[in-house]
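Undergrad: What follows is a structure written as structure tokens; I'll ask about it next.
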Amino acid sequence: MADVLPYAAVSWTQYTLAGDDEFVSYNLKRLNLETEVWDVIATIEEIDTTNWHDYLAFPGSNSYRLTVTVDRLGAIIESDPDEVTGVEFAWRGLWGHEVQDASQQVRLQASTVQQRVQQGQTYRLAAGRRHETLFAGPLLARTLALELIPEDLRDPVTVTALERLLDRQYTAGAVLCVRWGARAGARYIVQIDGGVDESLSGGLGRPSLPLRRVAMPDGWA
Amino acid sequence: MTVRTQTRYPTTVVSDDAVGTLAWSDPDKAEVEDNDPATATGPGTTEYLLASGYGFEGTLPSTCDLIEIALLPRRRNALAQQAITEVDTTTASGIGTSLSINVPDGVVDSGAPGTRDVLILTVRRTGSTSAIDLSGWEEVGTASVSPFRLTVLRRVADSEPASYSLSLGANGSSKHAVMTAWRGVDNSSPLASDVSPSGNANNPTSHVAPEVTTTVANALLNLSIGFEDAIPGTVTPPSGMDTTGSVGSLRVFTETVEAAGATGSRTTTTANGVDSARVMFALRPAPATVVDDAVRLVVGGVVGDGDRSSATPWAQAYQTDTLSGTLAEWDFADLVVGDIDSDFGCALSATIDGPIAVDIDALPIRITYDVPMAVTITAPTADITQPNPEVTWGAEVDGSAIVQASSRVRILSRPSLAVLYDSGVVAGATQAHVVGSGTPSTPWATPQNGQAIRIEVTVTEDGTADPDGTGDPISGSATFDCTTDFTLPAAPTGLAAVAVTEAS
């Protein structure tokens with residue numbers, strides 16, 4: 001069975017306008033399991049478009065809401081929502097894909113995910129001191145370390161996909177969505193932090209993929 | 001506070017004999033200003049010209065304060081001078097050294113200076129050339145044709161005796177005299193022309209008196225002519241002149257000359273050729289004045305006590321006079337708007353000091369008042385369940401008429417009070433003007449559900465609907481704070497989501 005990047009196929013009934021209302025958009029929202037805010041995941045301006053594929057769905061249970069916005073005599077008014085809950089996702093391993101282009105994806109057989117918060121720090125010679133002093137900066141970097149299994153890196157398709165994503169980080173400013181199916185809500189917006197360690201190429205030890213969490217631009221929920 | 005005025009004309013005017021004796025003819029002609037007047041003829045005091053039905057009721061704001069009421073009569077004393085009329089004439093003749101002549105009956109010889117009769121005495125005598133020394137008389141002119149002489153004297157009547165005795169000398173010569181009392185002659189300056197003495201000693205039948213030049217209209221031309229003792233036969237007066245006095249060889253002719261200026265000569269004809277001496281001159285008409293006798297308000301059909309008459313004589317040409325006063329000066333200190341009804345009006349009488357007709361063309365009344373609050377706006381309301389809501393408000397002038405207004409409606413965002421919508425001036429808006437309905441060119445800028453807004457209405461009185469004719473714009477405003485609560489569109493239906501993974 002071919003691997004399929006997990007997504008939620010969301011659909012609805014075409015809206016029927018009332019009175020002098022003019023259609024503006026469908027507004028599809030998903031409940032963010034981390035922030036518990038309904039993120040707008042799609043704004044669809046065609047009234048006859050009645051479906052959406054959500055490739056950023058969280059592992060585990062997802063809830064969706066759909067509203068419509070109309071223009072009534074110059075006023076932009078949003079309707080009450082229709083809601084669906086309990087859309088369950090579960091899969092083995094880890095999927096990573098480009099947020100803006102889900103076709104750019106890779107599947108890894110990760111076993112663990114380690115998180116680390118790293119502060120920006122440096123040692124400087126302060127006036128009147130003989131030794132350097134640690135200075136802490138405002139930066140707080142949240143990094144992830146995916147413990148992969150060696151077989152991932154023996155598969156040339158997987159390596160090629162990883163290298164392509166690395167390349168797109170440079171050529172297309174790609175931001176990745178990494179979802180770990182074994183843990184509900186484990187969805188991270190990241191960029192690959194550096195690359196694959198040289199020592200992994202020999203197949204020794206547990207390979208690791210370093211990631212750095214980044215802020216997700218508005219509308220990429 | 002806004003000071004305003006209203007001026008209105010009566011619909012009913014009558015002559016009321018509560019005062020005076022001179023009735024107004026055609027009093028209703030004082031209802032409109034059209035140069036077709038109500039008229040009263042003196043001398044004496046007129047009746048009241050009683051006017052009512054001005055129509056102020058319902059036009060004055062019920063809560064206004066009355067400040068001043070003024071009568072604005074348009075009137076004139078067109079003639080402004082009295083007509084000269086003959087009171088009586090006496091004559092005398094004799095041949096002695098003296099001649100006695102009676103003072104005419106009915107002469108007015110007392111009273112205020114300027115109101116008395118003027119006496120003109122003409123003496124023709126033969127055989128004496130001495131001046132006539134008559135105390136209190138002033139010589140107008142003398143003409144001599146030997147052997148006779150003609151002298152004219154004048155005097156403003158003053159405690160006149162029954163007769164005057166003239167000392168004329170030359171016993172045995174003929175003497176004739178004529179005395180006329182004239183009424184309506186200007187006492188202070190009786191003559192209205194130069195004096196033209198003349199004579200002929202060649203026994204003519206045509207006796208030409210050279211012209212004089214009058215300085216006023218309606219002067220009385222006076223021609224005295226004396227003949228020598230020879231019998232002149234039939235004496236024919238100059239054309240247009242009347243014989244005022246005739247005795248022996250003396251005639252006095254008179255004529256009213258309407259236009260001021262050169263009179264032209266006057267020719268007397270006699271049947272027989274005879275010498276003559278002549279003196280011609282003109283008498284000046286006395287001025288005639290009209291002043292107010294009483295000017296009063298009428299409230300509830302009753303003439304008040306406050307008199308706002310003016311001592312200034314009426315003008316000769318039509319003029320609108322202002323006879324104004326506060327409520328206290330009219331003796332109606334407690335007058336209120338409710339008293340200004342259909343019975344409200346005025347009464348005016350006049351004193352005319354001569355036999356002249358005076359005119360009142362129109363008798364409007366002007367009321368000045370304060371409006372305590374120009375426009376009262378009740379809070380606007382709006383159907384805030386819809387965008388661009390219909391906004392309604394109430395606009396009143398002192399609880400009376402709805403103002404046809406030039407209004408402005410704005411919708412502001414709270415609390416910043418940024419302007420979301422401004423209707424601009426809505427000429428002729430009523431209290432139910434709809435804002436933003438139909439296809440507004442500038443709709444309320446992207447209103448949002450749940451948005452806090454303020455609806456502000458400003459009503460400005462439209463000058464074209466100005467109920468009191470002042471044209472002063474007056475305005476008021478009110479606001480309405482609310483939060484939009486639009487009716488939402490229906491929720492979409494049929495939402496479904498299917499998870500697609502490698503296992504599906």
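By order of appearance in the structure tokens: chains A, B, ..., then residues from 1 within every chain, and ligands from 1 in the order shown.
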Need to verify the contact set: Ala161 of chain A, 9 Å, only C-alpha atoms, exclusion of same-chain residues closer than 6 positions in sequence. Can you return it as number ranges by chain?

TA: A: 104-107

Undergrad: Sorted by chain and rising residue number, which residues of chain A lie within 9 Å of chain B, and what are their closest atom pairs and distances in Å to one decimal, counting only C-alpha atoms, as JSON lines?

TA:
```
{"residue": "A:Met1", "atom": "CA", "partner": "B:Glu502", "partner_atom": "CA", "distance": 7.5}
{"residue": "A:Ala2", "atom": "CA", "partner": "B:Glu502", "partner_atom": "CA", "distance": 7.0}
{"residue": "A:Asp3", "atom": "CA", "partner": "B:Glu502", "partner_atom": "CA", "distance": 5.2}
{"residue": "A:Val4", "atom": "CA", "partner": "B:Glu502", "partner_atom": "CA", "distance": 4.8}
{"residue": "A:Leu5", "atom": "CA", "partner": "B:Thr501", "partner_atom": "CA", "distance": 6.5}
{"residue": "A:Pro6", "atom": "CA", "partner": "B:Thr501", "partner_atom": "CA", "distance": 4.3}
{"residue": "A:Tyr7", "atom": "CA", "partner": "B:Val500", "partner_atom": "CA", "distance": 5.2}
{"residue": "A:Ala8", "atom": "CA", "partner": "B:Ala499", "partner_atom": "CA", "distance": 4.4}
{"residue": "A:Ala9", "atom": "CA", "partner": "B:Val498", "partner_atom": "CA", "distance": 5.0}
{"residue": "A:Val10", "atom": "CA", "partner": "B:Ala497", "partner_atom": "CA", "distance": 4.1}
{"residue": "A:Ser11", "atom": "CA", "partner": "B:Ala496", "partner_atom": "CA", "distance": 5.3}
{"residue": "A:Trp12", "atom": "CA", "partner": "B:Leu495", "partner_atom": "CA", "distance": 4.2}
{"residue": "A:Thr13", "atom": "CA", "partner": "B:Gly494", "partner_atom": "CA", "distance": 4.9}
{"residue": "A:Gln14", "atom": "CA", "partner": "B:Pro492", "partner_atom": "CA", "distance": 7.8}
{"residue": "A:Tyr15", "atom": "CA", "partner": "B:Pro492", "partner_atom": "CA", "distance": 5.9}
{"residue": "A:Thr16", "atom": "CA", "partner": "B:Pro492", "partner_atom": "CA", "distance": 8.4}
{"residue": "A:Leu17", "atom": "CA", "partner": "B:Pro489", "partner_atom": "CA", "distance": 8.2}
{"residue": "A:Ala18", "atom": "CA", "partner": "B:Pro489", "partner_atom": "CA", "distance": 7.5}
{"residue": "A:Asp21", "atom": "CA", "partner": "B:Pro489", "partner_atom": "CA", "distance": 8.4}
{"residue": "A:Tyr26", "atom": "CA", "partner": "B:Pro492", "partner_atom": "CA", "distance": 8.8}
{"residue": "A:Ala57", "atom": "CA", "partner": "B:Ala499", "partner_atom": "CA", "distance": 9.0}
{"residue": "A:Ser63", "atom": "CA", "partner": "B:Ala497", "partner_atom": "CA", "distance": 8.7}
{"residue": "A:Tyr64", "atom": "CA", "partner": "B:Ala497", "partner_atom": "CA", "distance": 7.7}
{"residue": "A:Arg65", "atom": "CA", "partner": "B:Leu495", "partner_atom": "CA", "distance": 7.9}
{"residue": "A:Leu66", "atom": "CA", "partner": "B:Pro492", "partner_atom": "CA", "distance": 6.9}
{"residue": "A:Thr67", "atom": "CA", "partner": "B:Pro492", "partner_atom": "CA", "distance": 6.2}
{"residue": "A:Val68", "atom": "CA", "partner": "B:Pro492", "partner_atom": "CA", "distance": 6.6}
{"residue": "A:Thr69", "atom": "CA", "partner": "B:Pro489", "partner_atom": "CA", "distance": 8.0}
{"residue": "A:Val70", "atom": "CA", "partner": "B:Pro489", "partner_atom": "CA", "distance": 7.4}
{"residue": "A:Arg72", "atom": "CA", "partner": "B:Pro387", "partner_atom": "CA", "distance": 6.9}
{"residue": "A:Leu73", "atom": "CA", "partner": "B:Pro387", "partner_atom": "CA", "distance": 6.2}
{"residue": "A:Gly74", "atom": "CA", "partner": "B:Thr446", "partner_atom": "CA", "distance": 5.7}
{"residue": "A:Ala75", "atom": "CA", "partner": "B:Thr446", "partner_atom": "CA", "distance": 4.9}
{"residue": "A:Ile76", "atom": "CA", "partner": "B:Gln448", "partner_atom": "CA", "distance": 6.3}
{"residue": "A:Ile77", "atom": "CA", "partner": "B:Asn449", "partner_atom": "CA", "distance": 6.5}
{"residue": "A:Glu78", "atom": "CA", "partner": "B:Leu488", "partner_atom": "CA", "distance": 6.8}
{"residue": "A:Ser79", "atom": "CA", "partner": "B:Pro489", "partner_atom": "CA", "distance": 5.0}
{"residue": "A:Asp80", "atom": "CA", "partner": "B:Ala491", "partner_atom": "CA", "distance": 5.0}
{"residue": "A:Pro81", "atom": "CA", "partner": "B:Ala491", "partner_atom": "CA", "distance": 5.6}
{"residue": "A:Asp82", "atom": "CA", "partner": "B:Pro492", "partner_atom": "CA", "distance": 5.9}
{"residue": "A:Glu83", "atom": "CA", "partner": "B:Leu495", "partner_atom": "CA", "distance": 6.7}
{"residue": "A:Val84", "atom": "CA", "partner": "B:Ala496", "partner_atom": "CA", "distance": 6.2}
{"residue": "A:Thr85", "atom": "CA", "partner": "B:Ala497", "partner_atom": "CA", "distance": 8.4}
{"residue": "A:Val87", "atom": "CA", "partner": "B:Ala499", "partner_atom": "CA", "distance": 6.0}
{"residue": "A:Glu88", "atom": "CA", "partner": "B:Ala499", "partner_atom": "CA", "distance": 6.3}
{"residue": "A:Phe89", "atom": "CA", "partner": "B:Ala499", "partner_atom": "CA", "distance": 6.2}
{"residue": "A:Ala90", "atom": "CA", "partner": "B:Thr501", "partner_atom": "CA", "distance": 7.6}
{"residue": "A:Trp91", "atom": "CA", "partner": "B:Thr501", "partner_atom": "CA", "distance": 7.0}
```

Undergrad: Quick one: write out the picked residues with N, CA and C atoms as a compact mmCIF listing (two decimals), in the first residue's frame?

TA:
```
# COMPACT_ATOMS: atom_id res chain seq x y z
N MET A 1 0.86 -1.20 0.00
CA MET A 1 0.00 0.00 0.00
C MET A 1 0.89 1.25 0.00
N ALA A 2 0.59 2.14 -0.92
CA ALA A 2 1.43 3.34 -1.03
C ALA A 2 1.23 4.25 0.17
N ASP A 3 2.33 4.86 0.56
CA ASP A 3 2.21 5.85 1.64
C ASP A 3 1.41 7.05 1.16
N VAL A 4 0.57 7.53 2.04
CA VAL A 4 -0.23 8.73 1.73
C VAL A 4 -0.03 9.75 2.83
N LEU A 5 0.40 10.92 2.44
CA LEU A 5 0.53 12.01 3.43
C LEU A 5 -0.83 12.22 4.09
N PRO A 6 -0.91 12.07 5.40
CA PRO A 6 -2.23 12.16 6.05
C PRO A 6 -2.87 13.54 5.86
N TYR A 7 -4.15 13.53 5.61
CA TYR A 7 -4.88 14.80 5.52
C TYR A 7 -6.34 14.55 5.89
N ALA A 8 -7.03 15.64 6.11
CA ALA A 8 -8.47 15.55 6.37
C ALA A 8 -9.20 16.07 5.14
N ALA A 9 -10.07 15.27 4.60
CA ALA A 9 -10.88 15.70 3.46
C ALA A 9 -12.16 16.33 4.02
N VAL A 10 -12.21 17.67 3.97
CA VAL A 10 -13.35 18.40 4.55
C VAL A 10 -14.29 18.80 3.42
N SER A 11 -15.56 18.61 3.60
CA SER A 11 -16.54 18.99 2.58
C SER A 11 -17.79 19.57 3.25
N TRP A 12 -18.58 20.26 2.44
CA TRP A 12 -19.79 20.88 2.96
C TRP A 12 -20.77 21.13 1.83
N THR A 13 -21.95 21.52 2.18
CA THR A 13 -22.99 21.80 1.20
C THR A 13 -22.86 23.25 0.71
N GLN A 14 -23.04 23.46 -0.59
CA GLN A 14 -22.92 24.83 -1.12
C GLN A 14 -23.93 25.76 -0.45
N TYR A 15 -23.47 26.93 -0.11
CA TYR A 15 -24.29 27.89 0.64
C TYR A 15 -25.32 28.55 -0.28
N THR A 16 -26.50 28.78 0.26
CA THR A 16 -27.56 29.50 -0.47
C THR A 16 -27.71 30.89 0.13
N LEU A 17 -27.45 31.90 -0.69
CA LEU A 17 -27.52 33.29 -0.20
C LEU A 17 -28.96 33.71 0.04
N ALA A 18 -29.14 34.59 1.01
CA ALA A 18 -30.47 35.10 1.34
C ALA A 18 -30.53 36.59 1.01
N ASP A 21 -27.86 39.63 0.19
CA ASP A 21 -26.50 39.28 0.59
C ASP A 21 -25.65 38.93 -0.62
N TYR A 26 -16.04 31.31 2.24
CA TYR A 26 -16.18 30.29 3.26
C TYR A 26 -14.97 30.45 4.18
N ALA A 57 -3.46 18.87 9.58
CA ALA A 57 -4.24 18.31 10.69
C ALA A 57 -3.32 17.69 11.73
N SER A 63 -11.05 18.92 15.22
CA SER A 63 -12.40 19.50 15.11
C SER A 63 -12.37 20.63 14.09
N TYR A 64 -13.43 20.72 13.31
CA TYR A 64 -13.51 21.74 12.26
C TYR A 64 -14.78 22.57 12.41
N ARG A 65 -14.64 23.80 12.00
CA ARG A 65 -15.81 24.68 11.92
C ARG A 65 -15.82 25.35 10.55
N LEU A 66 -17.04 25.61 10.06
CA LEU A 66 -17.18 26.32 8.79
C LEU A 66 -18.18 27.46 8.97
N THR A 67 -17.78 28.64 8.57
CA THR A 67 -18.70 29.78 8.55
C THR A 67 -18.70 30.37 7.15
N VAL A 68 -19.69 31.22 6.89
CA VAL A 68 -19.68 31.97 5.63
C VAL A 68 -19.70 33.46 5.98
N THR A 69 -19.07 34.25 5.14
CA THR A 69 -19.09 35.70 5.28
C THR A 69 -19.81 36.29 4.08
N VAL A 70 -20.74 37.21 4.35
CA VAL A 70 -21.48 37.85 3.26
C VAL A 70 -21.34 39.37 3.39
N ARG A 72 -23.55 42.54 3.26
CA ARG A 72 -24.95 42.96 3.30
C ARG A 72 -24.98 44.49 3.38
N LEU A 73 -25.30 45.10 2.26
CA LEU A 73 -25.39 46.56 2.20
C LEU A 73 -24.12 47.22 2.71
N GLY A 74 -23.00 46.60 2.35
CA GLY A 74 -21.72 47.19 2.72
C GLY A 74 -21.16 46.67 4.02
N ALA A 75 -21.96 45.92 4.76
CA ALA A 75 -21.48 45.37 6.02
C ALA A 75 -20.99 43.94 5.77
N ILE A 76 -19.83 43.64 6.32
CA ILE A 76 -19.27 42.31 6.19
C ILE A 76 -19.68 41.52 7.43
N ILE A 77 -20.55 40.52 7.23
CA ILE A 77 -21.13 39.80 8.36
C ILE A 77 -20.81 38.32 8.22
N GLU A 78 -20.34 37.73 9.32
CA GLU A 78 -19.98 36.31 9.34
C GLU A 78 -21.06 35.52 10.06
N SER A 79 -21.37 34.38 9.51
CA SER A 79 -22.45 33.57 10.06
C SER A 79 -22.00 32.81 11.31
N ASP A 80 -22.97 32.21 11.97
CA ASP A 80 -22.63 31.23 13.00
C ASP A 80 -22.03 30.01 12.29
N PRO A 81 -21.23 29.18 13.04
CA PRO A 81 -20.54 28.07 12.37
C PRO A 81 -21.35 26.77 12.34
N ASP A 82 -20.99 25.94 11.36
CA ASP A 82 -21.36 24.53 11.41
C ASP A 82 -20.09 23.81 11.89
N GLU A 83 -20.22 22.75 12.66
CA GLU A 83 -19.05 22.17 13.31
C GLU A 83 -19.06 20.65 13.18
N VAL A 84 -17.86 20.09 13.04
CA VAL A 84 -17.71 18.63 13.06
C VAL A 84 -16.50 18.31 13.93
N THR A 85 -16.63 17.28 14.75
CA THR A 85 -15.56 16.94 15.69
C THR A 85 -15.20 15.46 15.53
N VAL A 87 -12.46 13.95 14.25
CA VAL A 87 -11.79 13.46 13.04
C VAL A 87 -10.43 12.92 13.49
N GLU A 88 -10.30 11.59 13.57
CA GLU A 88 -9.14 10.96 14.19
C GLU A 88 -8.06 10.63 13.18
N PHE A 89 -6.82 10.93 13.59
CA PHE A 89 -5.66 10.57 12.78
C PHE A 89 -4.71 9.71 13.62
N ALA A 90 -4.20 8.66 13.04
CA ALA A 90 -3.18 7.84 13.69
C ALA A 90 -2.38 7.13 12.61
N TRP A 91 -1.10 7.20 12.72
CA TRP A 91 -0.22 6.51 11.76
C TRP A 91 1.11 6.21 12.43
```

Undergrad: Please, which residues of segment 95-165 of chain A, numbered as in this document, come out strand (DSSP E) from DSSP, as a PyMOL selection string?

TA: chain A and resi 95-98+105-108+112-125+132-147

Undergrad: Would you export the selected residues with C-alpha atoms as a compact mmCIF listing (two decimals), in the first residue's frame, please?

TA:
```txt
# COMPACT_ATOMS: atom_id res chain seq x y z
CA TRP A 95 5.67 12.74 8.30
CA GLY A 96 7.40 15.91 7.28
CA HIS A 97 6.23 18.15 4.44
CA GLU A 98 6.46 21.64 3.21
CA GLN A 105 7.15 15.48 1.78
CA VAL A 106 9.14 12.77 3.45
CA ARG A 107 8.24 9.88 5.74
CA LEU A 108 10.59 8.80 8.48
CA THR A 112 11.48 9.43 19.75
CA VAL A 113 11.29 13.16 19.66
CA GLN A 114 13.32 15.24 22.08
CA GLN A 115 12.58 18.89 22.69
CA ARG A 116 15.05 21.44 23.96
CA VAL A 117 14.81 25.11 24.74
CA GLN A 118 18.07 26.89 24.06
CA GLN A 119 18.86 30.42 25.11
CA GLY A 120 21.15 32.64 23.14
CA GLN A 121 24.36 32.90 25.23
CA THR A 122 27.91 34.08 24.74
CA TYR A 123 31.08 34.57 26.81
CA ARG A 124 32.66 38.00 26.68
CA LEU A 125 35.52 39.72 28.49
CA GLU A 132 35.08 35.78 30.19
CA THR A 133 31.61 36.33 31.54
CA LEU A 134 28.47 34.65 30.28
CA PHE A 135 25.98 37.02 28.67
CA ALA A 136 22.45 35.78 27.94
CA GLY A 137 20.53 37.19 25.00
CA PRO A 138 16.81 37.44 24.28
CA LEU A 139 16.80 34.48 21.92
CA LEU A 140 14.95 31.34 23.01
CA ALA A 141 15.35 28.63 20.41
CA ARG A 142 13.13 25.60 20.63
CA THR A 143 14.85 22.72 19.01
CA LEU A 144 13.77 19.18 18.31
CA ALA A 145 15.89 16.12 17.86
CA LEU A 146 14.25 13.24 15.97
CA GLU A 147 15.79 9.94 16.76
```

Undergrad: What's around Pro10 of chain B at 10 Å? Count only C-alpha atoms, leave out sequence neighbours fewer than 2 positions away in its own chain, and write the answer as a PyMOL selection string.

TA: chain B and resi 8+12-13+28+30-32+50-56+342+344-346+362-365

Undergrad: Would you mind reading off the distance between atom CA of Ser276 of chain B and atom CA of Ser163 of chain B, one decimal, in Å?

TA: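 Atom-to-atom, atom CA of Ser276 of chain B to atom CA of Ser163 of chain B, that is 27.4 Å.
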
Undergrad: Would you pick out the contacts of Val457 of chain B at 9 Å or less, using only C-alpha atoms, so that residues sharing its chain but fewer than 5 positions from it are not included, and give the list as a ChimeraX atom specification?

TA: /B:377,379-380,391,393,407-411,476-480

Undergrad: Could you give me, as a ChimeraX atom specification, the residues within 6 Å of segment 307-315 of chain B, counting only C-alpha atoms and dropping anything in the same chain fewer than 5 positions from it?

TA: /B:76-77,289-292,294-296

Undergrad: Could you please write out, as a PyMOL selection string, every residue of segment 25-221 of chain A that DSSP assigns to alpha helix (DSSP H)?

TA: chain A and resi 150-154+156-171

Undergrad: Please list as a ChimeraX atom specification every residue within 6 Å of Arg278 of chain B, counting only C-alpha atoms and excluding residues in the same chain fewer than 2 positions away.

TA: /B:197-199,224-225

Undergrad: Between atom CA of Ser173 of chain B and atom CA of Val235 of chain B, what distance in Å does the model show, to one decimal?

TA: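 Computing the Euclidean distance for atom CA of Ser173 of chain B and atom CA of Val235 of chain B yields 21.8 Å.
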
Undergrad: Rounded to one decimal in Å, what is the spacing between atom CA of Thr126 of chain B and atom CA of Ser146 of chain B?

TA: 8.2 Å

Undergrad: Identify, on the basis of only C-alpha atoms, every residue whose closest approach to segment 188-191 of chain A does not exceed 12 Å; exclude the query and any residue fewer than 4 positions from it along the same chain; express the result as a CSV table (one decimal) with C-alpha atoms, in the first residue's frame.

TA:
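And here's out-v1.csv as it stands now:
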```
chain,number,residue,atom,x,y,z
A,32,ASN,CA,-5.5,24.2,17.6
A,33,LEU,CA,-4.7,21.6,20.1
A,34,GLU,CA,-1.8,23.6,21.5
A,56,LEU,CA,-1.8,20.3,8.6
A,57,ALA,CA,-4.2,18.3,10.7
A,58,PHE,CA,-3.0,17.3,14.0
A,59,PRO,CA,-2.3,13.7,14.9
A,94,LEU,CA,6.8,10.7,11.3
A,95,TRP,CA,5.7,12.7,8.3
A,96,GLY,CA,7.4,15.9,7.3
A,97,HIS,CA,6.2,18.1,4.4
A,98,GLU,CA,6.5,21.6,3.2
A,99,VAL,CA,3.6,23.7,4.7
A,100,GLN,CA,3.0,25.6,1.4
A,113,VAL,CA,11.3,13.2,19.7
A,115,GLN,CA,12.6,18.9,22.7
A,141,ALA,CA,15.4,28.6,20.4
A,142,ARG,CA,13.1,25.6,20.6
A,143,THR,CA,14.9,22.7,19.0
A,144,LEU,CA,13.8,19.2,18.3
A,145,ALA,CA,15.9,16.1,17.9
A,146,LEU,CA,14.3,13.2,16.0
A,162,LEU,CA,15.3,15.0,2.9
A,165,LEU,CA,13.6,19.7,1.5
A,166,LEU,CA,16.9,21.0,2.7
A,167,ASP,CA,17.5,22.5,-0.7
A,168,ARG,CA,14.0,24.1,-0.7
A,169,GLN,CA,14.7,25.7,2.6
A,170,TYR,CA,17.4,27.7,0.7
A,173,GLY,CA,12.2,29.5,2.0
A,174,ALA,CA,10.4,26.3,2.7
A,175,VAL,CA,8.9,25.8,6.2
A,176,LEU,CA,8.1,22.3,7.2
A,177,CYS,CA,5.3,20.7,9.1
A,178,VAL,CA,6.4,17.6,11.0
A,179,ARG,CA,3.8,15.4,12.5
A,180,TRP,CA,4.5,12.4,14.7
A,181,GLY,CA,1.7,9.9,14.5
A,183,ARG,CA,1.6,11.1,19.8
A,184,ALA,CA,-1.7,13.1,19.7
A,195,GLY,CA,21.5,18.9,8.1
A,209,LEU,CA,17.6,14.9,12.5
A,210,PRO,CA,17.9,18.3,14.3
A,211,LEU,CA,15.0,20.7,13.8
A,212,ARG,CA,14.4,24.2,14.9
A,213,ARG,CA,10.8,25.3,15.6
A,214,VAL,CA,9.8,28.5,13.8
A,215,ALA,CA,6.9,30.8,13.9
A,216,MET,CA,4.2,30.0,11.4
A,217,PRO,CA,3.1,33.0,9.2
A,220,TRP,CA,-0.7,28.8,7.6
A,221,ALA,CA,-2.6,27.2,10.4
```
